[in-house]
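Below: the structure, in C-alpha coordinates.
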Amino acid sequence: MKIKTSAAGLLSAAALGLAACSPDPAVPAEPGAPAASEPAADKPMADMPMNSPAAAEPIMGAGKVTAIDAAAGTVMLDHGPIAALNWPSMSMAFTASDPALLTGIAVGDTVSFEIKSQTESTVVTQIHKQ
(Lines give C-alpha, C1' and ligand atoms only; values in the text may rest on other atoms or scores of the structure.)
Protein backbone atom coordinates (compact mmCIF):
# COMPACT_ATOMS: atom_id res chain seq x y z
CA MET A 1 0.00 0.00 0.00
CA LYS A 2 1.39 3.38 -1.05
CA ILE A 3 0.78 6.46 1.06
CA LYS A 4 0.60 9.77 -0.73
CA THR A 5 1.52 12.91 1.16
CA SER A 6 1.06 16.41 -0.08
CA ALA A 7 3.28 19.39 0.61
CA ALA A 8 0.34 21.09 2.32
CA GLY A 9 -0.10 18.08 4.60
CA LEU A 10 3.59 18.07 5.54
CA LEU A 11 3.55 21.83 6.21
CA SER A 12 0.44 21.50 8.37
CA ALA A 13 2.08 18.76 10.41
CA ALA A 14 5.25 20.83 10.82
CA ALA A 15 3.25 23.88 11.92
CA LEU A 16 1.34 21.83 14.49
CA GLY A 17 4.61 20.40 15.80
CA LEU A 18 6.12 23.87 16.16
CA ALA A 19 3.01 25.23 17.83
CA ALA A 20 3.14 22.41 20.37
CA CYS A 21 6.73 23.39 21.26
CA SER A 22 6.07 27.13 21.49
CA PRO A 23 5.54 28.72 24.91
CA ASP A 24 1.99 29.66 25.80
CA PRO A 25 1.77 33.43 25.09
CA ALA A 26 -0.72 33.87 27.93
CA VAL A 27 1.78 32.57 30.52
CA PRO A 28 4.59 34.98 31.50
CA ALA A 29 8.12 33.61 31.07
CA GLU A 30 9.15 34.86 34.52
CA PRO A 31 7.13 36.11 37.46
CA GLY A 32 6.34 39.76 36.82
CA ALA A 33 7.37 39.57 33.16
CA PRO A 34 4.82 40.66 30.55
CA ALA A 35 3.12 37.89 28.57
CA ALA A 36 4.42 37.38 25.04
CA SER A 37 1.23 38.94 23.65
CA GLU A 38 1.79 42.17 25.61
CA PRO A 39 4.04 44.79 23.98
CA ALA A 40 7.30 45.45 25.80
CA ALA A 41 7.75 48.91 27.26
CA ASP A 42 9.72 51.16 24.92
CA LYS A 43 13.29 51.67 26.10
CA PRO A 44 15.87 53.92 24.55
CA MET A 45 18.75 52.00 22.98
CA ALA A 46 21.21 53.84 25.24
CA ASP A 47 19.71 52.08 28.27
CA MET A 48 20.22 48.61 26.81
CA PRO A 49 23.43 46.75 27.63
CA MET A 50 25.64 46.02 24.67
CA ASN A 51 27.02 42.52 25.15
CA SER A 52 29.53 41.79 22.46
CA PRO A 53 32.44 39.38 22.60
CA ALA A 54 34.66 42.02 21.01
CA ALA A 55 33.95 44.42 23.86
CA ALA A 56 34.47 41.76 26.53
CA GLU A 57 38.16 41.18 25.88
CA PRO A 58 40.74 41.99 23.22
CA ILE A 59 41.27 39.60 20.32
CA MET A 60 44.89 38.53 20.58
CA GLY A 61 47.14 36.55 18.28
CA ALA A 62 50.77 35.54 17.94
CA GLY A 63 52.88 34.69 14.96
CA LYS A 64 55.89 35.37 12.79
CA VAL A 65 56.33 38.34 10.45
CA THR A 66 56.81 37.11 6.86
CA ALA A 67 56.56 40.46 5.00
CA ILE A 68 56.11 44.16 5.69
CA ASP A 69 54.94 46.93 3.35
CA ALA A 70 55.53 50.07 5.40
CA ALA A 71 54.24 52.35 2.62
CA ALA A 72 50.91 50.49 2.50
CA GLY A 73 50.84 49.98 6.30
CA THR A 74 50.45 46.21 5.96
CA VAL A 75 52.16 43.24 7.56
CA MET A 76 51.99 39.58 6.55
CA LEU A 77 51.85 37.24 9.53
CA ASP A 78 52.10 33.48 9.79
CA HIS A 79 49.95 33.23 12.93
CA GLY A 80 48.71 30.49 15.23
CA PRO A 81 45.04 29.73 15.94
CA ILE A 82 42.89 32.66 17.11
CA ALA A 83 40.11 31.16 19.22
CA ALA A 84 38.08 34.38 19.56
CA LEU A 85 37.57 34.39 15.78
CA ASN A 86 37.47 30.59 15.39
CA TRP A 87 40.48 30.82 13.04
CA PRO A 88 43.02 28.06 12.49
CA SER A 89 46.73 28.76 12.01
CA MET A 90 47.32 30.54 8.70
CA SER A 91 49.34 33.14 6.87
CA MET A 92 47.55 36.38 6.05
CA ALA A 93 47.99 40.11 5.58
CA PHE A 94 46.85 42.63 8.18
CA THR A 95 46.54 46.40 7.93
CA ALA A 96 47.99 48.42 10.80
CA SER A 97 45.47 50.88 12.28
CA ASP A 98 48.46 53.26 12.42
CA PRO A 99 51.41 52.53 10.10
CA ALA A 100 53.76 53.68 12.90
CA LEU A 101 52.92 50.38 14.66
CA LEU A 102 55.18 48.64 12.15
CA THR A 103 58.24 50.65 13.19
CA GLY A 104 60.83 48.36 14.77
CA ILE A 105 59.20 45.18 13.42
CA ALA A 106 61.19 43.15 10.88
CA VAL A 107 60.67 40.06 8.73
CA GLY A 108 61.43 37.00 10.85
CA ASP A 109 60.33 38.60 14.16
CA THR A 110 58.00 36.66 16.43
CA VAL A 111 55.21 39.00 17.51
CA SER A 112 52.02 39.23 19.51
CA PHE A 113 49.25 41.39 18.12
CA GLU A 114 45.76 42.67 18.85
CA ILE A 115 42.98 42.59 16.27
CA LYS A 116 40.62 45.58 16.20
CA SER A 117 37.31 43.66 16.30
CA GLN A 118 35.39 40.69 14.93
CA THR A 119 34.01 42.86 12.14
CA GLU A 120 37.41 44.43 11.37
CA SER A 121 39.45 41.27 11.79
CA THR A 122 42.18 42.23 9.32
CA VAL A 123 43.13 45.40 11.22
CA VAL A 124 45.80 45.23 13.94
CA THR A 125 45.77 47.89 16.64
CA GLN A 126 48.90 46.70 18.48
CA ILE A 127 51.90 44.62 17.50
CA HIS A 128 54.83 43.80 19.78
CA LYS A 129 58.06 41.91 19.24
CA GLN A 130 58.40 38.88 21.55
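Chain labels follow the order of the C-alpha coordinates: the first chain is A, the next B, and so on; residue numbering restarts at 1 in every chain, and ligands are counted from 1 in their shown order.
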
Shell around region 56-61 of chain A at 12 Å using only C-alpha atoms, local window under 3 positions removed, as a ChimeraX atom specification: /A:50-53,64,77-90,94,110-128,130

Output N, CA and C atoms for every residue in the selection just made, as a CSV table (one decimal), in the first residue's frame.
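And here's again.csv as it stands now:
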chain,number,residue,atom,x,y,z
A,50,MET,N,25.1,46.5,25.9
A,50,MET,CA,25.6,46.0,24.7
A,50,MET,C,26.6,44.9,25.0
A,51,ASN,N,26.2,43.7,24.9
A,51,ASN,CA,27.0,42.5,25.2
A,51,ASN,C,27.6,42.0,23.9
A,52,SER,N,28.9,42.3,23.6
A,52,SER,CA,29.5,41.8,22.5
A,52,SER,C,30.9,41.2,22.8
A,53,PRO,N,31.2,40.0,22.3
A,53,PRO,CA,32.4,39.4,22.6
A,53,PRO,C,33.6,40.3,22.3
A,64,LYS,N,54.6,35.0,13.3
A,64,LYS,CA,55.9,35.4,12.8
A,64,LYS,C,55.7,36.3,11.6
A,77,LEU,N,51.5,38.0,8.4
A,77,LEU,CA,51.9,37.2,9.5
A,77,LEU,C,51.5,35.8,9.3
A,78,ASP,N,52.4,34.9,9.7
A,78,ASP,CA,52.1,33.5,9.8
A,78,ASP,C,51.7,33.2,11.2
A,79,HIS,N,50.4,33.3,11.5
A,79,HIS,CA,50.0,33.2,12.9
A,79,HIS,C,49.4,31.9,13.3
A,80,GLY,N,49.3,31.7,14.7
A,80,GLY,CA,48.7,30.5,15.2
A,80,GLY,C,47.2,30.6,15.3
A,81,PRO,N,46.5,29.7,15.8
A,81,PRO,CA,45.0,29.7,15.9
A,81,PRO,C,44.6,31.0,16.8
A,82,ILE,N,43.5,31.5,16.4
A,82,ILE,CA,42.9,32.7,17.1
A,82,ILE,C,41.5,32.2,17.5
A,83,ALA,N,41.4,31.7,18.7
A,83,ALA,CA,40.1,31.2,19.2
A,83,ALA,C,38.9,32.1,19.2
A,84,ALA,N,39.2,33.4,19.5
A,84,ALA,CA,38.1,34.4,19.6
A,84,ALA,C,37.4,34.6,18.2
A,85,LEU,N,38.1,34.3,17.1
A,85,LEU,CA,37.6,34.4,15.8
A,85,LEU,C,37.3,33.0,15.1
A,86,ASN,N,37.6,32.0,15.9
A,86,ASN,CA,37.5,30.6,15.4
A,86,ASN,C,38.3,30.4,14.1
A,87,TRP,N,39.6,30.9,14.2
A,87,TRP,CA,40.5,30.8,13.0
A,87,TRP,C,41.5,29.8,13.3
A,88,PRO,N,41.9,29.0,12.3
A,88,PRO,CA,43.0,28.1,12.5
A,88,PRO,C,44.3,28.8,12.2
A,89,SER,N,45.4,28.2,12.4
A,89,SER,CA,46.7,28.8,12.0
A,89,SER,C,46.7,29.0,10.5
A,90,MET,N,47.2,30.2,10.1
A,90,MET,CA,47.3,30.5,8.7
A,90,MET,C,48.3,31.7,8.5
A,94,PHE,N,47.6,41.8,7.3
A,94,PHE,CA,46.9,42.6,8.2
A,94,PHE,C,47.2,44.1,7.9
A,110,THR,N,59.2,37.3,15.8
A,110,THR,CA,58.0,36.7,16.4
A,110,THR,C,57.3,37.8,17.2
A,111,VAL,N,56.0,37.9,16.9
A,111,VAL,CA,55.2,39.0,17.5
A,111,VAL,C,53.9,38.5,18.1
A,112,SER,N,53.4,39.4,19.0
A,112,SER,CA,52.0,39.2,19.5
A,112,SER,C,51.3,40.4,19.0
A,113,PHE,N,50.0,40.3,18.7
A,113,PHE,CA,49.3,41.4,18.1
A,113,PHE,C,47.8,41.4,18.6
A,114,GLU,N,47.2,42.5,18.5
A,114,GLU,CA,45.8,42.7,18.8
A,114,GLU,C,45.0,43.0,17.6
A,115,ILE,N,43.9,42.3,17.4
A,115,ILE,CA,43.0,42.6,16.3
A,115,ILE,C,41.9,43.6,16.7
A,116,LYS,N,41.6,44.5,15.8
A,116,LYS,CA,40.6,45.6,16.2
A,116,LYS,C,39.3,45.0,16.7
A,117,SER,N,38.6,44.2,15.9
A,117,SER,CA,37.3,43.7,16.3
A,117,SER,C,37.0,42.5,15.4
A,118,GLN,N,35.9,41.8,15.8
A,118,GLN,CA,35.4,40.7,14.9
A,118,GLN,C,35.0,41.2,13.5
A,119,THR,N,34.4,42.4,13.4
A,119,THR,CA,34.0,42.9,12.1
A,119,THR,C,35.2,43.5,11.3
A,120,GLU,N,36.2,43.9,12.0
A,120,GLU,CA,37.4,44.4,11.4
A,120,GLU,C,38.6,43.5,11.7
A,121,SER,N,38.5,42.3,11.4
A,121,SER,CA,39.4,41.3,11.8
A,121,SER,C,40.8,41.3,11.1
A,122,THR,N,40.9,42.1,10.0
A,122,THR,CA,42.2,42.2,9.3
A,122,THR,C,42.9,43.5,9.7
A,123,VAL,N,42.5,44.2,10.7
A,123,VAL,CA,43.1,45.4,11.2
A,123,VAL,C,43.8,45.1,12.6
A,124,VAL,N,45.1,45.4,12.7
A,124,VAL,CA,45.8,45.2,13.9
A,124,VAL,C,45.9,46.6,14.6
A,125,THR,N,45.7,46.6,15.9
A,125,THR,CA,45.8,47.9,16.6
A,125,THR,C,47.0,47.9,17.5
A,126,GLN,N,47.6,46.8,17.7
A,126,GLN,CA,48.9,46.7,18.5
A,126,GLN,C,49.7,45.5,17.9
A,127,ILE,N,51.0,45.7,17.9
A,127,ILE,CA,51.9,44.6,17.5
A,127,ILE,C,53.2,44.8,18.3
A,128,HIS,N,53.6,43.7,18.9
A,128,HIS,CA,54.8,43.8,19.8
A,128,HIS,C,55.8,42.6,19.5
A,130,GLN,N,58.3,39.8,20.4
A,130,GLN,CA,58.4,38.9,21.6
A,130,GLN,C,59.8,38.6,21.9

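The residue set within 8 Å of Ala106 (chain A), counting only C-alpha atoms and dropping same-chain residues fewer than 2 places from it, reads Val65, Ala67, Ile68, Gly104, Gly108 and Asp109 of chain A.
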
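Distance check against Met92 (chain A) using only C-alpha atoms: of A:Ile105, A:Lys129, A:Ala72, A:Gly63, the minimum falls on A:Gly63.
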
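Here CA of Ser91 (chain A) and CA of Ala71 (chain A) stand 20.3 Å from one another.
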